[in-house]
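Read the structure below first, then the notes.
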Amino acid sequence: MIDTYVRMCQATGMQTDALGRRRDPAQNRGLRPLHPLLAGGHRSRSIRVAMSERAWAALDRAVRLSRAATRPRAIGELLEEALGTASGADWQEWQIRKEKQLLNRAS
Amino acid sequence: MARDHHIADIGLADEGRLRVEWAGGQMHVINALKERFAKEQPFAGITIGACLHVTTETANLVQALRAGGAEVLLCASNPLSTQDDTAAYLASEGVSVFAVRGEDHDTYYTHIRELLDRRPQFTVDDGADLVSVIHKERPEQADSVVGGTEETTTGVIRLKQMAVEGALKYPIVAINDTPTKHLFDNRFGTGQSALDGIIRATNILIAGKNFVVSGFGDCGRGVASRAQGLGANVIVTEVDEIRALEAVMDGYRVMPMGEAAKIGDIFCSVTGDRDIIRTEHVEVMKDGAIISNAGHFDIEIDVAGLRKMAKSERTVRRNVEEFELDDGRRIRLLAEGRLVNLGAAEGHPAAVMDMSFAGQALTLHWLTEQHKAGKRLEPAVYSVPADLDAQIASVKLKTMGVEIDTLTPEQKSYLESWQEGT
């Protein structure tokens with residue numbers, strides 16, 4: 001009976017996944033990532049942060065004012081800005097930053 | 001080993017070609033110059049390094065310079081405005097393009113350095129990037145640069161400061177400050193695109209509305225006349241007596257912002273200065289008032305003050321944020337207070353860029369002529385020679401099929417004589 005079952009699995013094209021579970025090639029139930037890929041090449045990671053109550057309050061305030069789609073993205077944008085690695089949301093924002101830097105250097 | 005180009009995907013070239021051709025269809029002056037340069041070959045043997053927005057309009061400028069015999073190198077002046085298909089098309093045509101949309105800070109500067117490694121004799125800047133890297137990182141290369149051009153006002157401010165400090169090592173021509181550029185960029189370009197942005201964002205009927213224009217410079221004139229053309233009752237606010245008088249004589253109502261704020265339905269600030277629409281103005285605005293900026297950066301409207309005084313805020317349409325005040329009035333801010341013509345519309349049409357790029361092309365031609373004639377310009381910031389501006393206007397008129405009169409010798413002599421006349 002076992003032999004019949006195995007033969008049937010082979011005949012219907014079932015395969016095993018990395019954990020040895022039988023899977024139909026088109027079957028992705030249970031194999032989908034929990035979260036969809038983030039847009040713009042972003043990656044989500046959990047980190048622990050320690051800072052003063054005042055700084056947390058400032059962060060919460062800035063996050064509330066942010067126009068980012070999600071809270072993690074808002075925090076990410078603030079961090080990127082602080083790190084000086086922000087690419088800017090769009091070209092106009094980038095242009096404003098560039099020209100303001102030029103004006104600062106000229107003054 | 002030096003690479004020929006660095007772009008996102010050469011497979012986008014066909015798409016880019018179509019769009020470059022479409023823009024070229026509106027760039028009659030550049031096309032006319034391209035034909036002329038192809039015959040005269042003024043740039044034969046010359047390498048031009050350009051750091052500009054990599055867009056379809058820029059591609060047409062590049063093609064005109066190449067038609068004149070130049071080797072043109074191109075990198076982006078803003079990594080987020082690069083059109084990858086345009087870059088791909090130019091690369092497929094043999095242009096050394098170093099631009100990838102969304103490139104990071106390091107790649108952005110790597111591209112500028114890659115361009116400069118090819119030792120251009122002329123630089124074309126839009127925000128002084130090439131000039132800055134040459135002066136900061138490779139000052140010895142400045143000796144081999146004959147001259148350059150700068151497109152932006154802020155770039156020119158920086159370069160003038162460098163000249164004052166004696167730090168500028170080669171001559172730069174400021175393209176921004178020509179009458180044709182002001183006429184087209186400000187009056188016709190901003191005038192049209194600001195209204196375009198307001199209408200696209202709100203889909204509002206302009207006719208019958210009280211439309212407040214702050215500032216009656218070139219941009220303000222353009223915005224005011226187009227709003228009036230759409231049937232608005234235009235109100236102008238000004239700080240300059242002569243401009244205010246001009247606005248009155250043009251048929252607009254003129255009053256202080258404090259008064260205009262009470263009756264305006266739509267506001268468009270085009271002054272070039274900061275804090276034009278402030279919280280005290282918002283305090284007296286009508287429910288549903290629409291406020292926008294088409295002047296300078298994001299500083300003409302006190303957006304931070306507006307956020308602070310609002311009870312709540314929400315995005316009601318794309319590019320429209322609604323702020324509810326304590327008394328229930330709603331104020332609608334367009335494009336987050338940044339330039340509405342860029343944020344909610346598409347900025348200047350190609351026909352407007354045609355004029356400023358014609359200034360670039362003719363100025364580069366003029367610089368090469370000076371060089372060939374052995375005239376060495378001192379390191380300083382120069383204005384575009386007046387006759388070049390007249391040439392641009394002349395070519396534009398010709399492409400439009402418009403002819404004008406010329407002075408007779410007697411008329412010319414009369415105008416030049418101080419002995420005749422009243």
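Residue numbering restarts at 1 for every chain of the structure tokens, chains are lettered A, B, ... in their displayed order, and ligands are numbered from 1 as they appear.
Any residue of chain A with an atom no more than 8 Å from chain B counts as a contact; using only C-alpha atoms, that gives Thr85, Ser87, Asp90, Trp91, Gln92, Trp94, Gln95, Ile96, Lys98, Glu99, Leu102, Leu103, Arg105 and Ala106 of chain A.
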Show me, as CSV, the residues of range 318-391 of chain B having an atom within 12 Å of range 54-69 of chain A, each with the closest atom pair and its distance in Å, using only C-alpha atoms.
```
residue,atom,partner,partner_atom,distance
B:Asn319,CA,A:Arg67,CA,11.9
B:Glu321,CA,A:Arg67,CA,11.0
B:Glu336,CA,A:Arg67,CA,10.1
```
Shell around Leu12 in chain B at 8 Å using only C-alpha atoms, local window under 4 positions removed, as a ChimeraX atom specification: /B:16,84-86,88-89
With N, CA and C atoms retained, export the selected residues as an mmCIF file, in the first residue's frame.
```
data_model
loop_
_atom_site.group_PDB
_atom_site.id
_atom_site.type_symbol
_atom_site.label_atom_id
_atom_site.label_comp_id
_atom_site.auth_asym_id
_atom_site.auth_seq_id
_atom_site.Cartn_x
_atom_site.Cartn_y
_atom_site.Cartn_z
ATOM 1 N N GLY B 16 13.007 55.400 -24.815
ATOM 2 C CA GLY B 16 13.621 56.723 -24.644
ATOM 3 C C GLY B 16 13.626 57.507 -25.934
ATOM 4 N N ASP B 84 15.543 56.968 -16.887
ATOM 5 C CA ASP B 84 16.415 55.868 -17.309
ATOM 6 C C ASP B 84 16.295 55.554 -18.797
ATOM 7 N N ASP B 85 15.092 55.736 -19.345
ATOM 8 C CA ASP B 85 14.945 55.435 -20.777
ATOM 9 C C ASP B 85 15.686 56.465 -21.625
ATOM 10 N N THR B 86 15.683 57.714 -21.174
ATOM 11 C CA THR B 86 16.411 58.757 -21.902
ATOM 12 C C THR B 86 17.913 58.481 -21.844
ATOM 13 N N ALA B 88 19.300 55.635 -21.461
ATOM 14 C CA ALA B 88 19.570 54.455 -22.286
ATOM 15 C C ALA B 88 19.645 54.839 -23.762
ATOM 16 N N TYR B 89 18.724 55.689 -24.188
ATOM 17 C CA TYR B 89 18.724 56.101 -25.594
ATOM 18 C C TYR B 89 20.023 56.832 -25.945
#
```
inquiry  = Going by DSSP on the backbone, which residues of range 102-256 of chain B come out as alpha helix (DSSP H)? List them as number ranges by chain.
reply    = B: 105-117, 129-137, 153-164, 179-181, 191-202, 218-229, 241-249
Next, write the just-selected residues to a file, as a tab-separated table (two decimals), in the first residue's frame, keeping C-alpha atoms as the atom set.
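Produced file selection-v7.tsv, reproduced below:
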```tsv
chain	number	residue	atom	x	y	z
B	105	HIS	CA	25.19	59.62	-2.84
B	106	ASP	CA	28.42	57.75	-3.56
B	107	THR	CA	27.36	56.64	-7.03
B	108	TYR	CA	26.21	60.18	-7.80
B	109	TYR	CA	29.70	61.53	-7.10
B	110	THR	CA	31.40	58.53	-8.75
B	111	HIS	CA	29.52	59.47	-11.92
B	112	ILE	CA	30.65	63.09	-11.68
B	113	ARG	CA	34.25	61.92	-11.24
B	114	GLU	CA	33.96	59.46	-14.14
B	115	LEU	CA	32.81	62.32	-16.32
B	116	LEU	CA	35.65	64.57	-15.17
B	117	ASP	CA	38.20	61.77	-15.74
B	129	ASP	CA	28.45	70.13	-9.11
B	130	LEU	CA	31.16	69.84	-11.76
B	131	VAL	CA	32.70	73.16	-10.73
B	132	SER	CA	32.65	72.16	-7.06
B	133	VAL	CA	34.31	68.77	-7.59
B	134	ILE	CA	36.96	70.26	-9.87
B	135	HIS	CA	37.79	73.00	-7.36
B	136	LYS	CA	37.68	70.75	-4.31
B	137	GLU	CA	39.19	67.50	-5.50
B	153	THR	CA	20.30	80.99	-9.72
B	154	THR	CA	21.55	79.32	-6.54
B	155	GLY	CA	24.52	77.89	-8.43
B	156	VAL	CA	25.33	81.37	-9.70
B	157	ILE	CA	25.13	82.82	-6.16
B	158	ARG	CA	27.66	80.22	-5.00
B	159	LEU	CA	29.96	80.82	-7.98
B	160	LYS	CA	29.84	84.59	-7.52
B	161	GLN	CA	30.89	84.09	-3.91
B	162	MET	CA	33.77	81.90	-5.09
B	163	ALA	CA	34.77	84.62	-7.55
B	164	VAL	CA	34.69	87.28	-4.82
B	179	PRO	CA	15.55	88.23	-20.86
B	180	THR	CA	14.43	85.31	-23.05
B	181	LYS	CA	14.85	82.87	-20.17
B	191	GLY	CA	2.50	81.13	-15.51
B	192	GLN	CA	1.03	78.13	-17.31
B	193	SER	CA	2.34	75.29	-15.16
B	194	ALA	CA	1.25	76.91	-11.87
B	195	LEU	CA	-2.33	77.11	-13.11
B	196	ASP	CA	-1.95	73.61	-14.52
B	197	GLY	CA	-0.85	72.34	-11.09
B	198	ILE	CA	-3.69	74.07	-9.26
B	199	ILE	CA	-6.27	72.74	-11.69
B	200	ARG	CA	-4.87	69.20	-11.76
B	201	ALA	CA	-4.74	69.06	-7.97
B	202	THR	CA	-8.19	70.46	-7.33
B	218	ASP	CA	7.81	87.79	-14.10
B	219	CYS	CA	6.19	84.69	-12.56
B	220	GLY	CA	3.42	86.74	-10.91
B	221	ARG	CA	2.60	88.47	-14.18
B	222	GLY	CA	2.34	85.10	-15.89
B	223	VAL	CA	0.15	83.55	-13.21
B	224	ALA	CA	-2.08	86.65	-12.98
B	225	SER	CA	-2.70	86.94	-16.71
B	226	ARG	CA	-3.47	83.24	-17.08
B	227	ALA	CA	-5.83	83.25	-14.10
B	228	GLN	CA	-7.55	86.30	-15.54
B	229	GLY	CA	-7.77	84.56	-18.90
B	241	GLU	CA	5.53	100.34	-5.44
B	242	ILE	CA	6.33	100.28	-9.15
B	243	ARG	CA	5.24	96.68	-9.61
B	244	ALA	CA	2.10	97.33	-7.60
B	245	LEU	CA	1.31	100.34	-9.81
B	246	GLU	CA	1.90	98.22	-12.89
B	247	ALA	CA	-0.52	95.60	-11.57
B	248	VAL	CA	-3.18	98.26	-10.96
B	249	MET	CA	-2.70	99.70	-14.44
```
### Task
Find the residues near Val213 in chain B: any atom within 6 Å, counting only C-alpha atoms, skip ones fewer than 3 places away on the same chain, and give them as a ChimeraX atom specification.
/B:236,268-269
So that I have them on file, write out the residues from the current selection with C-alpha atoms, as a short mmCIF file (atom, residue, chain, number, x, y, z; two decimals), in the first residue's frame.
```cif
data_model
loop_
_atom_site.label_atom_id
_atom_site.label_comp_id
_atom_site.auth_asym_id
_atom_site.auth_seq_id
_atom_site.Cartn_x
_atom_site.Cartn_y
_atom_site.Cartn_z
CA VAL B 236 -2.27 91.12 -6.57
CA CYS B 268 -0.67 81.42 -5.35
CA SER B 269 2.53 82.82 -3.90
#
```
Strand (DSSP E or B) call set, DSSP backbone run, range 237-396 of chain B, as a ChimeraX atom specification | /B:237,253-254,266-269,277,290-293,301,312-317,320-324,330-334,339,381-383
Write the selection just made, keeping N, CA and C atoms, as a short mmCIF file (atom, residue, chain, number, x, y, z; two decimals), in the first residue's frame?
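Written output follows (again_7.cif):
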```
data_model
loop_
_atom_site.label_atom_id
_atom_site.label_comp_id
_atom_site.auth_asym_id
_atom_site.auth_seq_id
_atom_site.Cartn_x
_atom_site.Cartn_y
_atom_site.Cartn_z
N THR B 237 -0.89 91.04 -4.57
CA THR B 237 -0.26 91.65 -3.39
C THR B 237 1.21 91.89 -3.74
N ARG B 253 -6.82 94.17 -9.06
CA ARG B 253 -6.95 94.83 -7.76
C ARG B 253 -5.67 94.58 -6.98
N VAL B 254 -5.21 95.58 -6.28
CA VAL B 254 -3.98 95.43 -5.49
C VAL B 254 -4.30 95.80 -4.04
N ILE B 266 -8.53 81.34 -4.01
CA ILE B 266 -7.33 80.59 -4.38
C ILE B 266 -6.14 81.53 -4.19
N PHE B 267 -5.09 81.04 -3.59
CA PHE B 267 -3.88 81.85 -3.38
C PHE B 267 -2.70 81.17 -4.07
N CYS B 268 -1.89 81.96 -4.75
CA CYS B 268 -0.67 81.42 -5.35
C CYS B 268 0.46 82.41 -5.06
N SER B 269 1.43 81.95 -4.31
CA SER B 269 2.53 82.82 -3.90
C SER B 269 3.71 82.61 -4.84
N ILE B 277 2.51 83.66 3.00
CA ILE B 277 1.19 83.31 3.56
C ILE B 277 1.44 82.75 4.96
N ILE B 290 -7.94 77.83 -0.91
CA ILE B 290 -6.88 76.96 -1.46
C ILE B 290 -5.59 77.76 -1.49
N ILE B 291 -4.52 77.22 -0.91
CA ILE B 291 -3.26 77.96 -0.91
C ILE B 291 -2.17 77.14 -1.61
N SER B 292 -1.36 77.85 -2.39
CA SER B 292 -0.31 77.17 -3.15
C SER B 292 0.90 78.07 -3.33
N ASN B 293 2.01 77.43 -3.69
CA ASN B 293 3.28 78.14 -3.88
C ASN B 293 3.85 77.76 -5.24
N ILE B 301 4.97 79.58 2.05
CA ILE B 301 3.82 79.38 2.94
C ILE B 301 4.34 78.83 4.27
N SER B 312 -7.13 69.39 12.92
CA SER B 312 -6.86 68.09 12.30
C SER B 312 -6.43 68.32 10.86
N GLU B 313 -5.83 67.33 10.27
CA GLU B 313 -5.44 67.44 8.87
C GLU B 313 -5.66 66.09 8.19
N ARG B 314 -5.98 66.14 6.92
CA ARG B 314 -6.15 64.89 6.17
C ARG B 314 -5.90 65.18 4.69
N THR B 315 -5.49 64.14 3.99
CA THR B 315 -5.29 64.27 2.55
C THR B 315 -6.61 63.97 1.88
N VAL B 316 -7.15 64.98 1.19
CA VAL B 316 -8.48 64.80 0.59
C VAL B 316 -8.41 64.40 -0.88
N ARG B 317 -7.35 64.75 -1.52
CA ARG B 317 -7.09 64.34 -2.89
C ARG B 317 -5.58 64.25 -3.02
N VAL B 320 -3.55 67.42 -2.28
CA VAL B 320 -4.38 68.38 -1.54
C VAL B 320 -4.50 67.91 -0.09
N GLU B 321 -3.98 68.72 0.83
CA GLU B 321 -4.15 68.44 2.25
C GLU B 321 -5.14 69.44 2.82
N GLU B 322 -6.03 68.94 3.60
CA GLU B 322 -7.06 69.82 4.18
C GLU B 322 -6.78 69.98 5.67
N PHE B 323 -6.70 71.22 6.11
CA PHE B 323 -6.47 71.51 7.52
C PHE B 323 -7.75 72.08 8.11
N GLU B 324 -8.23 71.46 9.16
CA GLU B 324 -9.44 71.97 9.81
C GLU B 324 -9.03 72.82 11.00
N ARG B 330 -12.01 75.11 6.78
CA ARG B 330 -11.04 74.18 6.19
C ARG B 330 -10.15 74.93 5.19
N ILE B 331 -8.86 74.76 5.34
CA ILE B 331 -7.90 75.39 4.44
C ILE B 331 -7.21 74.28 3.67
N ARG B 332 -7.14 74.44 2.35
CA ARG B 332 -6.56 73.38 1.53
C ARG B 332 -5.19 73.79 0.98
N LEU B 333 -4.22 73.00 1.34
CA LEU B 333 -2.84 73.27 0.94
C LEU B 333 -2.47 72.34 -0.22
N LEU B 334 -1.90 72.92 -1.28
CA LEU B 334 -1.55 72.11 -2.45
C LEU B 334 -0.08 71.72 -2.44
N LEU B 339 6.62 73.62 -4.68
CA LEU B 339 6.22 74.21 -5.96
C LEU B 339 5.09 73.42 -6.62
N VAL B 381 32.22 85.35 -13.03
CA VAL B 381 30.89 84.94 -13.49
C VAL B 381 30.41 85.99 -14.49
N TYR B 382 30.08 85.56 -15.69
CA TYR B 382 29.68 86.45 -16.77
C TYR B 382 28.19 86.28 -17.08
N SER B 383 27.62 87.36 -17.63
CA SER B 383 26.25 87.27 -18.12
C SER B 383 26.29 86.80 -19.57
#
```
